[in-house]
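These notes concern the structure reproduced below.
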Amino acid sequence: MDLGEGLRKAIAKLTGATIIDAKAIKEFNKELQKALLSSDVEVSLVYALTKTIEEKALKEKLPPGVSPKDYITNIVYEELVRLMGTDHVPTIKPKRILLAGIYGAGKTTTCAKLAKFYQDRGLSVGLICCDVSRPAAYEQLETLAKQANVSFFGMKGEKDVAKIVREGLKQHKDKKVLICDSSGRSALDKELIDELKVINKEFKPDEKTLVINADIGQVAGKQAQEFNNAIGLTGVIVTKLDGSGKGGGALSAVHAAKVNISFIATGEKLNALELYDSKKFVGRLLGMPDLEALLSTVQEAIKEANLKPEEVQAEELNFDTFYTQLKAMGKMGPLKNMMGMLGVTDVPKDMMEQSEEKLKKYKDIIGSMTKEERKDEKLVRQASRVARIAKGSGTSESDVRNLLSDFNKMKKLMSGFQNDRAMKKHLSKFMPGMK
Ligand SMILES: Nc1nc2c(ncn2[C@@H]2O[C@H](COP(=O)(O)OP(=O)(O)OP(=O)(O)O)[C@@H](O)[C@H]2O)c(=O)[nH]1
Ligand SMILES: [Mg+2]
C-alpha cells in the first residue's frame with residue numbers, strides 16, 4: 001500500500017464522525033501508524049507524528065462549522081508539511097548538479113529539464129553524460145540536450161567516469177551551470193556506489209539530488225539513506241507525478257536523508273518540471289486536490305472560534321435576514337464608500353462583491369434548510385445537516401460551509417455596529433433586518 005493510500009484510509013475513518021474524542025483519535029492514529037510504518041517511515045518519527053496529532057486534536061475544541069474529518073485533515077496536513085519541508089527556492093547562480101537514482105527513475109530526462117530551467121533563467125548550461133552502463137545513455141542525453149538547446153559532453157565507449165568528468169569540466173568551462181547524469185542500476189549495488197563516489201570526488205557538485213519515481217513507495221527511505229551515505233544528498237526530485245504514483249515514498253526519502261524536495265516532474269516533456277509546493281504535494285498525497293479550499297475553511301473557522309464570544313454575538317441575524325442583507329450589500333457599491341466614510345474599513349472584500357452565481361447558490365441552500373435551522377445557525381453546523389442541506393440544494397458541502405463562513409463574517413460585522421446607533425440608522429436603510 002502506498003503511503004498516500006494509507007493516509008486516505010485513515011482519514012476516511014473519520015467520515016461521518018461528529019465529535020473528536022480520544023477513541024476516534026486513537027483509531028485514526030492506529031490506521032495512520034500502520035500506513036507510515038508500512039512505508040518504512042522511521043518508528044520514532046511515526047510515534048512522534050501521531051502523538052503530536054493526538055495532542056493537537058484533543059487540545060482544542062472543534063471549531064463550529066468544521067467536521068472532525070476536515071479538522072484532523074488540517075492537522076495532518078500541517079504536520080506533514082512540517083516533515084516534508086517548506087517550499088524550495090532554487091538559487092539562480094553558477095553551480096554544479098549531480099543527479100543520482102536507481103534505474104529508470106527519470107534522471108536523464110530530469111537533467112535536460114533542469115538544464116532548460118536554468119537556461120530559461122539566463123544561465124548557460126552544460127550537460128555531462130556519466131552514465132557508462134546504459135548502452136544508449138549517450139545518445140539519449142545528447143538528443144535531449146539538443147532539444148533544450150544546451151551544450152552536451154560525453155565520451156562514447158569510455159568507462160572511466162573520472163576521466164569523463166575531467167574532460168567535461170574542461171569542455172564546459174565557460175558554462176555557468178553544469179549538470180551531470182549518472183548510471184542507474186536495478187538495485188543499489190556496490191559498483192554503482194563506487195562510481196558515484198568517484199564522480200562526486202571529481203565533479204565536486206554543489207547539489208547532489210536523488211531522483212525518485214513517485215510510485216516507488218516503501219523502498220524510497222532505504223534508497224535515500226544509502227545514496228546519502230555514499231555522496232551526501234542535498235535534495236530530492238520526485239518524478240512521474242503525472243502517473244498513478246502519489247509520491248508517498250518521498251516522505252520516507254526526505255526524512256531518511258534529511259533533505260527537502262526541490263522539484264517535481266509531471267511529464268516527459270522538458271517543461272514538465274515544477275518547483276516543489278508543499279501544499280500541492282501534500283494535497284496530492286492525501287488524495288485531496290481541493291485541499292486548499294478545505295484548509296482555508298478550517299483555518300477560517302478556527303480563527304473565528306478563537307474570537308471572544310462578545311465579538312461574534314450579534315442579534316437578529318438568521319439565515320433569512322442574512323440572505324436579504326447579502327443581496328443588498330452586493331448591489332450596494334456606494335455602501336462600501338459610505339461605510340468607509342463612517343470609519344468602517346474592515347468589511348471583507350468578498351462580502352461586498354457577491355456574484356450572482358454565489359447568491360443563487362446561497363438562496364438554494366437556505367431554501368433547503370428547515371425552519372429551525374434558518375433560525376439557529378448552530379444546527380446548520382452539524383456535519384450531518386451540512387451533508388443533507390448540500391444534497392437537498394444540489395450544492396456541495398463546501399458551499400454550505402462557505403455560506404456559514406460568510407454568515408459569521410456578517411455577524412461579526414453587525415456586532416461591530418451594535419453600539420453605534422447612528423451608524424445602524426444609516427445602514428438600516430440599506431440592510432433590512434438590521435435593527
Ligand atoms: N510520465 C512521465 N514520464 C517520465 C517522467 N520523467 C521521466 N519519464 C520517462 O521515464 C522513462 C525513464 O526516464 P529516464 O530519464 O531515461 O530515466 P533514468 O533514470 O535516466 O533511467 P536509467 O538511465 O535507465 O537509469 C523515460 O521514458 C522518460 O520519458 C515524468 O515526470 N513523467
Ligand atoms: Mg538515464
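Going by the C-alpha cells order, chains are called A, B, ..., each with residues numbered from 1, while ligands are numbered from 1 in the order shown.
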Exercise for review: Output as a PyMOL selection string all residues of stretch 75-309 of chain A that backbone DSSP marks as strand (DSSP E or B).
Suggested key: chain A and resi 95-100+125-130+151-153+177-182+207-213+235-239+260-265+273-275
Review point. Excluding same-chain residues fewer than 6 positions from stretch 239-245 of chain A, what lies within 10 Å of it counting only C-alpha atoms, as a ChimeraX atom specification?
Key: /A:2,4,105-107,109-110,211-217,263-268,272-273,281,284-285
Would you mind exporting N, CA and C atoms of the selected residues as a PDB file, in the first residue's frame?
ATOM      1  N   ASP A   2       0.568   2.150  -0.863  1.00  0.00           N
ATOM      2  CA  ASP A   2       1.274   3.425  -0.957  1.00  0.00           C
ATOM      3  C   ASP A   2       0.914   4.273   0.271  1.00  0.00           C
ATOM      4  N   GLY A   4       0.198   7.371   0.661  1.00  0.00           N
ATOM      5  CA  GLY A   4      -0.962   8.234   0.457  1.00  0.00           C
ATOM      6  C   GLY A   4      -2.254   7.461   0.621  1.00  0.00           C
ATOM      7  N   ALA A 105      14.512   5.948 -12.943  1.00  0.00           N
ATOM      8  CA  ALA A 105      13.840   6.906 -12.059  1.00  0.00           C
ATOM      9  C   ALA A 105      13.478   8.196 -12.794  1.00  0.00           C
ATOM     10  N   GLY A 106      14.196   8.457 -13.873  1.00  0.00           N
ATOM     11  CA  GLY A 106      13.942   9.701 -14.606  1.00  0.00           C
ATOM     12  C   GLY A 106      15.119  10.667 -14.570  1.00  0.00           C
ATOM     13  N   LYS A 107      16.303  10.150 -14.241  1.00  0.00           N
ATOM     14  CA  LYS A 107      17.492  11.002 -14.111  1.00  0.00           C
ATOM     15  C   LYS A 107      17.813  11.771 -15.390  1.00  0.00           C
ATOM     16  N   THR A 109      16.113  12.365 -18.147  1.00  0.00           N
ATOM     17  CA  THR A 109      15.100  13.338 -18.540  1.00  0.00           C
ATOM     18  C   THR A 109      15.169  14.575 -17.641  1.00  0.00           C
ATOM     19  N   THR A 110      15.340  14.323 -16.340  1.00  0.00           N
ATOM     20  CA  THR A 110      15.376  15.439 -15.389  1.00  0.00           C
ATOM     21  C   THR A 110      16.596  16.331 -15.607  1.00  0.00           C
ATOM     22  N   VAL A 211      16.953  11.337  -7.546  1.00  0.00           N
ATOM     23  CA  VAL A 211      15.740  11.346  -8.365  1.00  0.00           C
ATOM     24  C   VAL A 211      14.946  10.084  -8.035  1.00  0.00           C
ATOM     25  N   ILE A 212      13.715  10.277  -7.587  1.00  0.00           N
ATOM     26  CA  ILE A 212      12.882   9.094  -7.317  1.00  0.00           C
ATOM     27  C   ILE A 212      11.562   9.182  -8.069  1.00  0.00           C
ATOM     28  N   ASN A 213      11.090   8.024  -8.440  1.00  0.00           N
ATOM     29  CA  ASN A 213       9.833   7.884  -9.147  1.00  0.00           C
ATOM     30  C   ASN A 213       8.692   7.935  -8.119  1.00  0.00           C
ATOM     31  N   ALA A 214       7.620   8.646  -8.454  1.00  0.00           N
ATOM     32  CA  ALA A 214       6.523   8.843  -7.497  1.00  0.00           C
ATOM     33  C   ALA A 214       5.879   7.557  -7.003  1.00  0.00           C
ATOM     34  N   ASP A 215       6.055   6.459  -7.734  1.00  0.00           N
ATOM     35  CA  ASP A 215       5.358   5.258  -7.265  1.00  0.00           C
ATOM     36  C   ASP A 215       6.259   4.239  -6.576  1.00  0.00           C
ATOM     37  N   ILE A 216       7.464   4.651  -6.161  1.00  0.00           N
ATOM     38  CA  ILE A 216       8.319   3.618  -5.552  1.00  0.00           C
ATOM     39  C   ILE A 216       7.921   3.273  -4.114  1.00  0.00           C
ATOM     40  N   GLY A 217       7.204   4.153  -3.430  1.00  0.00           N
ATOM     41  CA  GLY A 217       6.687   3.805  -2.094  1.00  0.00           C
ATOM     42  C   GLY A 217       7.749   3.395  -1.099  1.00  0.00           C
ATOM     43  N   PHE A 263      12.260  19.826  -6.676  1.00  0.00           N
ATOM     44  CA  PHE A 263      11.364  19.943  -7.833  1.00  0.00           C
ATOM     45  C   PHE A 263      10.490  18.694  -7.899  1.00  0.00           C
ATOM     46  N   ILE A 264       9.431  18.812  -8.677  1.00  0.00           N
ATOM     47  CA  ILE A 264       8.676  17.618  -9.038  1.00  0.00           C
ATOM     48  C   ILE A 264       8.540  17.602 -10.560  1.00  0.00           C
ATOM     49  N   ALA A 265       8.475  16.394 -11.120  1.00  0.00           N
ATOM     50  CA  ALA A 265       8.323  16.272 -12.567  1.00  0.00           C
ATOM     51  C   ALA A 265       6.969  15.656 -12.865  1.00  0.00           C
ATOM     52  N   THR A 266       6.312  16.210 -13.849  1.00  0.00           N
ATOM     53  CA  THR A 266       4.941  15.781 -14.115  1.00  0.00           C
ATOM     54  C   THR A 266       4.697  15.415 -15.581  1.00  0.00           C
ATOM     55  N   GLY A 267       5.732  14.955 -16.250  1.00  0.00           N
ATOM     56  CA  GLY A 267       5.530  14.555 -17.640  1.00  0.00           C
ATOM     57  C   GLY A 267       6.852  14.325 -18.332  1.00  0.00           C
ATOM     58  N   GLU A 268       6.774  13.831 -19.553  1.00  0.00           N
ATOM     59  CA  GLU A 268       8.011  13.524 -20.272  1.00  0.00           C
ATOM     60  C   GLU A 268       8.627  14.750 -20.928  1.00  0.00           C
ATOM     61  N   ALA A 272       7.947  19.944 -18.232  1.00  0.00           N
ATOM     62  CA  ALA A 272       7.143  19.322 -17.174  1.00  0.00           C
ATOM     63  C   ALA A 272       7.943  19.208 -15.868  1.00  0.00           C
ATOM     64  N   LEU A 273       8.440  20.337 -15.423  1.00  0.00           N
ATOM     65  CA  LEU A 273       9.195  20.386 -14.165  1.00  0.00           C
ATOM     66  C   LEU A 273       8.627  21.543 -13.351  1.00  0.00           C
ATOM     67  N   PHE A 281       1.723  19.321  -2.933  1.00  0.00           N
ATOM     68  CA  PHE A 281       2.269  17.967  -2.835  1.00  0.00           C
ATOM     69  C   PHE A 281       1.522  17.149  -1.784  1.00  0.00           C
ATOM     70  N   ARG A 284      -1.901  16.222  -2.888  1.00  0.00           N
ATOM     71  CA  ARG A 284      -1.885  15.103  -3.816  1.00  0.00           C
ATOM     72  C   ARG A 284      -1.685  13.791  -3.041  1.00  0.00           C
ATOM     73  N   LEU A 285      -0.792  13.863  -2.062  1.00  0.00           N
ATOM     74  CA  LEU A 285      -0.503  12.697  -1.236  1.00  0.00           C
ATOM     75  C   LEU A 285      -1.757  12.230  -0.507  1.00  0.00           C
TER      76      LEU A 285
END
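Between ligand 1 and the candidates A:Ile193, A:Val380, A:Ala100, A:Ile164, the tightest atom-to-atom separation, counting only C-alpha atoms and all ligand atoms, involves A:Ala100.
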Exercise for review: Find the residue from A:Gly16, A:Pro68, A:Gly157, A:Gly104 that sits nearest to ligand 2; use only C-alpha atoms and all ligand atoms when measuring.
Suggested key: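 When distances to ligand 2 are compared using only C-alpha atoms and all ligand atoms, the smallest one comes from A:Gly104.
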Quick one: which chain A residues come within 9 Å of ligand 2, and what is the nearest atom pair for each with the distance in Å to one decimal, counting only C-alpha atoms and all ligand atoms, rows ordered by chain and ascending number, as JSON lines?
{"residue": "A:Tyr103", "atom": "CA", "partner": "ligand 2", "partner_atom_place_in_ligand_line": "1 (Mg)", "distance": 7.3}
{"residue": "A:Gly104", "atom": "CA", "partner": "ligand 2", "partner_atom_place_in_ligand_line": "1 (Mg)", "distance": 6.6}
{"residue": "A:Ala105", "atom": "CA", "partner": "ligand 2", "partner_atom_place_in_ligand_line": "1 (Mg)", "distance": 7.9}
{"residue": "A:Gly106", "atom": "CA", "partner": "ligand 2", "partner_atom_place_in_ligand_line": "1 (Mg)", "distance": 6.6}
{"residue": "A:Lys107", "atom": "CA", "partner": "ligand 2", "partner_atom_place_in_ligand_line": "1 (Mg)", "distance": 5.2}
{"residue": "A:Thr108", "atom": "CA", "partner": "ligand 2", "partner_atom_place_in_ligand_line": "1 (Mg)", "distance": 4.1}
{"residue": "A:Thr109", "atom": "CA", "partner": "ligand 2", "partner_atom_place_in_ligand_line": "1 (Mg)", "distance": 7.2}
{"residue": "A:Cys111", "atom": "CA", "partner": "ligand 2", "partner_atom_place_in_ligand_line": "1 (Mg)", "distance": 9.0}
{"residue": "A:Cys129", "atom": "CA", "partner": "ligand 2", "partner_atom_place_in_ligand_line": "1 (Mg)", "distance": 8.9}
{"residue": "A:Asp131", "atom": "CA", "partner": "ligand 2", "partner_atom_place_in_ligand_line": "1 (Mg)", "distance": 6.7}
{"residue": "A:Arg134", "atom": "CA", "partner": "ligand 2", "partner_atom_place_in_ligand_line": "1 (Mg)", "distance": 7.3}
{"residue": "A:Ala136", "atom": "CA", "partner": "ligand 2", "partner_atom_place_in_ligand_line": "1 (Mg)", "distance": 8.8}
{"residue": "A:Ala137", "atom": "CA", "partner": "ligand 2", "partner_atom_place_in_ligand_line": "1 (Mg)", "distance": 5.9}
{"residue": "A:Tyr138", "atom": "CA", "partner": "ligand 2", "partner_atom_place_in_ligand_line": "1 (Mg)", "distance": 8.9}
{"residue": "A:Gln140", "atom": "CA", "partner": "ligand 2", "partner_atom_place_in_ligand_line": "1 (Mg)", "distance": 7.8}
{"residue": "A:Leu141", "atom": "CA", "partner": "ligand 2", "partner_atom_place_in_ligand_line": "1 (Mg)", "distance": 7.8}
{"residue": "A:Asp181", "atom": "CA", "partner": "ligand 2", "partner_atom_place_in_ligand_line": "1 (Mg)", "distance": 6.9}
{"residue": "A:Ser182", "atom": "CA", "partner": "ligand 2", "partner_atom_place_in_ligand_line": "1 (Mg)", "distance": 6.8}
{"residue": "A:Ser183", "atom": "CA", "partner": "ligand 2", "partner_atom_place_in_ligand_line": "1 (Mg)", "distance": 6.2}
{"residue": "A:Gly184", "atom": "CA", "partner": "ligand 2", "partner_atom_place_in_ligand_line": "1 (Mg)", "distance": 6.4}
Exercise for review: Could you tell me, as a ChimeraX atom specification, which residues of stretch 361-405 of chain A DSSP assigns to helix (DSSP H, G or I) when given the backbone?
Suggested key: /A:361-367,371-375,377-380,383-393,397-405
Would you export the selected residues with N, CA and C atoms as a compact mmCIF listing (two decimals), in the first residue's frame, please?
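Heads up, here's the output in part20.txt:
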# COMPACT_ATOMS: atom_id res chain seq x y z
N LYS A 361 -26.71 30.19 -5.32
CA LYS A 361 -26.38 29.00 -4.53
C LYS A 361 -26.87 29.16 -3.10
N TYR A 362 -26.58 30.33 -2.53
CA TYR A 362 -26.95 30.58 -1.14
C TYR A 362 -28.47 30.53 -0.97
N LYS A 363 -29.15 31.05 -1.99
CA LYS A 363 -30.62 31.04 -1.92
C LYS A 363 -31.11 29.59 -1.87
N ASP A 364 -30.54 28.77 -2.73
CA ASP A 364 -30.93 27.35 -2.76
C ASP A 364 -30.59 26.65 -1.45
N ILE A 365 -29.43 26.97 -0.93
CA ILE A 365 -29.01 26.33 0.33
C ILE A 365 -29.97 26.70 1.46
N ILE A 366 -30.24 28.01 1.56
CA ILE A 366 -31.14 28.45 2.64
C ILE A 366 -32.54 27.86 2.42
N GLY A 367 -32.91 27.73 1.15
CA GLY A 367 -34.21 27.12 0.83
C GLY A 367 -34.30 25.68 1.28
N LYS A 371 -37.12 25.24 9.01
CA LYS A 371 -37.45 26.49 9.69
C LYS A 371 -36.51 26.71 10.90
N GLU A 372 -36.32 25.61 11.63
CA GLU A 372 -35.48 25.70 12.84
C GLU A 372 -34.05 26.05 12.46
N GLU A 373 -33.60 25.42 11.41
CA GLU A 373 -32.21 25.67 11.01
C GLU A 373 -32.00 27.11 10.60
N ARG A 374 -33.00 27.64 9.93
CA ARG A 374 -32.85 29.03 9.47
C ARG A 374 -32.73 30.01 10.62
N LYS A 375 -33.29 29.58 11.75
CA LYS A 375 -33.23 30.47 12.92
C LYS A 375 -32.02 30.16 13.80
N GLU A 377 -28.19 28.92 13.72
CA GLU A 377 -27.00 28.60 12.93
C GLU A 377 -26.27 27.36 13.47
N LYS A 378 -26.34 27.17 14.78
CA LYS A 378 -25.61 26.04 15.38
C LYS A 378 -26.06 24.72 14.79
N LEU A 379 -27.36 24.62 14.52
CA LEU A 379 -27.88 23.38 13.93
C LEU A 379 -27.22 23.10 12.59
N VAL A 380 -27.07 24.18 11.82
CA VAL A 380 -26.55 24.01 10.46
C VAL A 380 -25.09 23.58 10.48
N ALA A 383 -22.32 18.31 11.05
CA ALA A 383 -21.84 17.71 9.79
C ALA A 383 -22.96 17.00 9.03
N SER A 384 -23.81 16.28 9.75
CA SER A 384 -24.84 15.50 9.06
C SER A 384 -25.84 16.44 8.38
N ARG A 385 -26.07 17.60 9.03
CA ARG A 385 -27.00 18.56 8.42
C ARG A 385 -26.36 19.25 7.23
N VAL A 386 -25.08 19.52 7.34
CA VAL A 386 -24.37 20.12 6.21
C VAL A 386 -24.53 19.22 4.99
N ALA A 387 -24.34 17.93 5.22
CA ALA A 387 -24.43 16.98 4.11
C ALA A 387 -25.85 16.96 3.53
N ARG A 388 -26.84 16.96 4.43
CA ARG A 388 -28.23 16.90 3.97
C ARG A 388 -28.60 18.16 3.19
N ILE A 389 -28.19 19.30 3.73
CA ILE A 389 -28.55 20.57 3.08
C ILE A 389 -27.89 20.67 1.71
N ALA A 390 -26.62 20.24 1.66
CA ALA A 390 -25.91 20.30 0.37
C ALA A 390 -26.63 19.43 -0.66
N LYS A 391 -27.03 18.26 -0.23
CA LYS A 391 -27.70 17.33 -1.14
C LYS A 391 -29.04 17.91 -1.59
N GLY A 392 -29.76 18.40 -0.62
CA GLY A 392 -31.10 18.92 -0.91
C GLY A 392 -31.08 20.12 -1.84
N SER A 393 -29.99 20.88 -1.79
CA SER A 393 -29.96 22.11 -2.58
C SER A 393 -29.14 21.93 -3.87
N GLU A 397 -20.91 20.33 -0.01
CA GLU A 397 -20.77 20.63 1.42
C GLU A 397 -19.89 21.85 1.63
N SER A 398 -18.94 22.03 0.75
CA SER A 398 -18.08 23.20 0.95
C SER A 398 -18.85 24.48 0.63
N ASP A 399 -19.85 24.39 -0.27
CA ASP A 399 -20.71 25.57 -0.49
C ASP A 399 -21.45 25.93 0.80
N VAL A 400 -21.95 24.89 1.45
CA VAL A 400 -22.69 25.15 2.69
C VAL A 400 -21.76 25.76 3.73
N ARG A 401 -20.53 25.22 3.78
CA ARG A 401 -19.59 25.77 4.75
C ARG A 401 -19.18 27.20 4.39
N ASN A 402 -19.09 27.47 3.10
CA ASN A 402 -18.79 28.85 2.69
C ASN A 402 -19.88 29.79 3.16
N LEU A 403 -21.10 29.33 3.02
CA LEU A 403 -22.22 30.15 3.47
C LEU A 403 -22.10 30.40 4.97
N LEU A 404 -21.78 29.34 5.71
CA LEU A 404 -21.62 29.50 7.15
C LEU A 404 -20.52 30.50 7.47
N SER A 405 -19.46 30.43 6.68
CA SER A 405 -18.35 31.33 6.94
C SER A 405 -18.75 32.78 6.63
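Separating atom CA of A:Glu167 from atom CA of A:Lys204 is a distance of 14.1 Å.
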**Study point:** Residue nearest ligand 1 among A:Val298, A:Leu233, A:Ala112, A:Ala148 (counting only C-alpha atoms and all ligand atoms)
**Key:**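 Residue with the minimum atom-to-atom distance to ligand 1: A:Ala112.
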Point to revise | Residue with smallest distance to ligand 1 - pool A:Leu99, A:Leu295, A:Leu251, A:Leu169, counting only C-alpha atoms and all ligand atoms | key: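 Checking each candidate against ligand 1, we get A:Leu99 as the closest.
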Practice item. Would you mind telling me which residue in A:Asn149, A:Gln382, A:Ser38, A:Thr324 lies nearest to A:Ser67 when using only C-alpha atoms? Key: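 Among A:Asn149, A:Gln382, A:Ser38, A:Thr324, it is A:Gln382 that comes nearest to A:Ser67.
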Review point. Between A:Thr370, A:Asn271, A:Thr52, A:Asn229, which has the minimum distance to ligand 1 (counting only C-alpha atoms and all ligand atoms)?
Key: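 Once distances to ligand 1 are computed over only C-alpha atoms and all ligand atoms, the minimum belongs to A:Asn271.
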**Study point:** Distance of atom CA of A:Gly122 from atom CA of A:Gln171, expressed in Å to one decimal place
**Key:** 19.8 Å
Using only C-alpha atoms, which protein or nucleic acid residues come within 12 Å of A:Asp160? Drop anything in the same chain fewer than 4 positions from it, and give the result as a CSV table (one decimal) with N, CA and C atoms, in the first residue's frame.
chain,number,residue,atom,x,y,z
A,129,CYS,N,27.5,13.5,-19.7
A,129,CYS,CA,26.9,12.1,-19.5
A,129,CYS,C,27.9,11.2,-18.8
A,130,CYS,N,27.6,10.9,-17.6
A,130,CYS,CA,28.4,10.0,-16.8
A,130,CYS,C,27.7,8.6,-16.6
A,131,ASP,N,26.7,8.4,-17.5
A,131,ASP,CA,26.1,7.0,-17.4
A,131,ASP,C,26.9,6.1,-18.3
A,132,VAL,N,27.7,5.3,-17.7
A,132,VAL,CA,28.6,4.4,-18.5
A,132,VAL,C,28.0,3.0,-18.6
A,133,SER,N,26.8,2.8,-18.1
A,133,SER,CA,26.3,1.4,-18.2
A,133,SER,C,25.2,1.2,-19.2
A,154,GLY,N,30.0,14.1,-23.7
A,154,GLY,CA,30.1,12.7,-23.3
A,154,GLY,C,31.2,12.0,-24.0
A,155,MET,N,31.7,10.8,-23.6
A,155,MET,CA,32.7,10.1,-24.3
A,155,MET,C,32.2,8.7,-24.5
A,156,LYS,N,31.8,8.5,-25.7
A,156,LYS,CA,31.2,7.2,-26.1
A,156,LYS,C,32.2,6.1,-25.9
A,164,ILE,N,35.8,11.2,-17.7
A,164,ILE,CA,34.7,11.9,-18.4
A,164,ILE,C,34.4,13.2,-17.7
A,165,VAL,N,34.4,13.2,-16.4
A,165,VAL,CA,34.2,14.4,-15.6
A,165,VAL,C,35.2,15.5,-15.9
A,166,ARG,N,36.5,15.0,-15.8
A,166,ARG,CA,37.6,16.0,-16.1
A,166,ARG,C,37.5,16.6,-17.5
A,167,GLU,N,37.3,15.8,-18.4
A,167,GLU,CA,37.2,16.3,-19.8
A,167,GLU,C,35.9,17.2,-20.0
A,194,ASP,N,30.3,3.0,-5.9
A,194,ASP,CA,31.7,3.4,-6.1
A,194,ASP,C,31.9,4.4,-7.2
A,195,GLU,N,31.1,4.1,-8.3
A,195,GLU,CA,31.1,5.0,-9.4
A,195,GLU,C,30.7,6.4,-9.0
A,196,LEU,N,29.6,6.4,-8.2
A,196,LEU,CA,29.1,7.7,-7.8
A,196,LEU,C,30.1,8.5,-6.9
A,198,VAL,N,33.3,8.3,-7.1
A,198,VAL,CA,34.3,8.8,-8.0
A,198,VAL,C,33.8,10.1,-8.7
A,199,ILE,N,32.6,10.1,-9.2
A,199,ILE,CA,32.1,11.3,-9.8
A,199,ILE,C,32.0,12.4,-8.8
A,202,GLU,N,35.5,14.0,-8.3
A,202,GLU,CA,36.0,14.7,-9.4
A,202,GLU,C,35.1,15.9,-9.7
Practice item. Name the residues in contact with A:Val89 at a cut-off of 12 Å, using only C-alpha atoms, excluding same-chain residues fewer than 2 positions from it; report them as a list in words. Key: Gly85, Thr86, Asp87, Thr91, Ile92, Gly235, Asn260, Ile261, Ser262, Phe263, Glu274, Leu275, Tyr276, Asp277 and Ser278 of chain A
Practice item. Provide the atom CA of A:Ala253 to atom CA of A:Asp189 distance in Å, to one decimal place. Key: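 Interatomic distance here is 18.2 Å.
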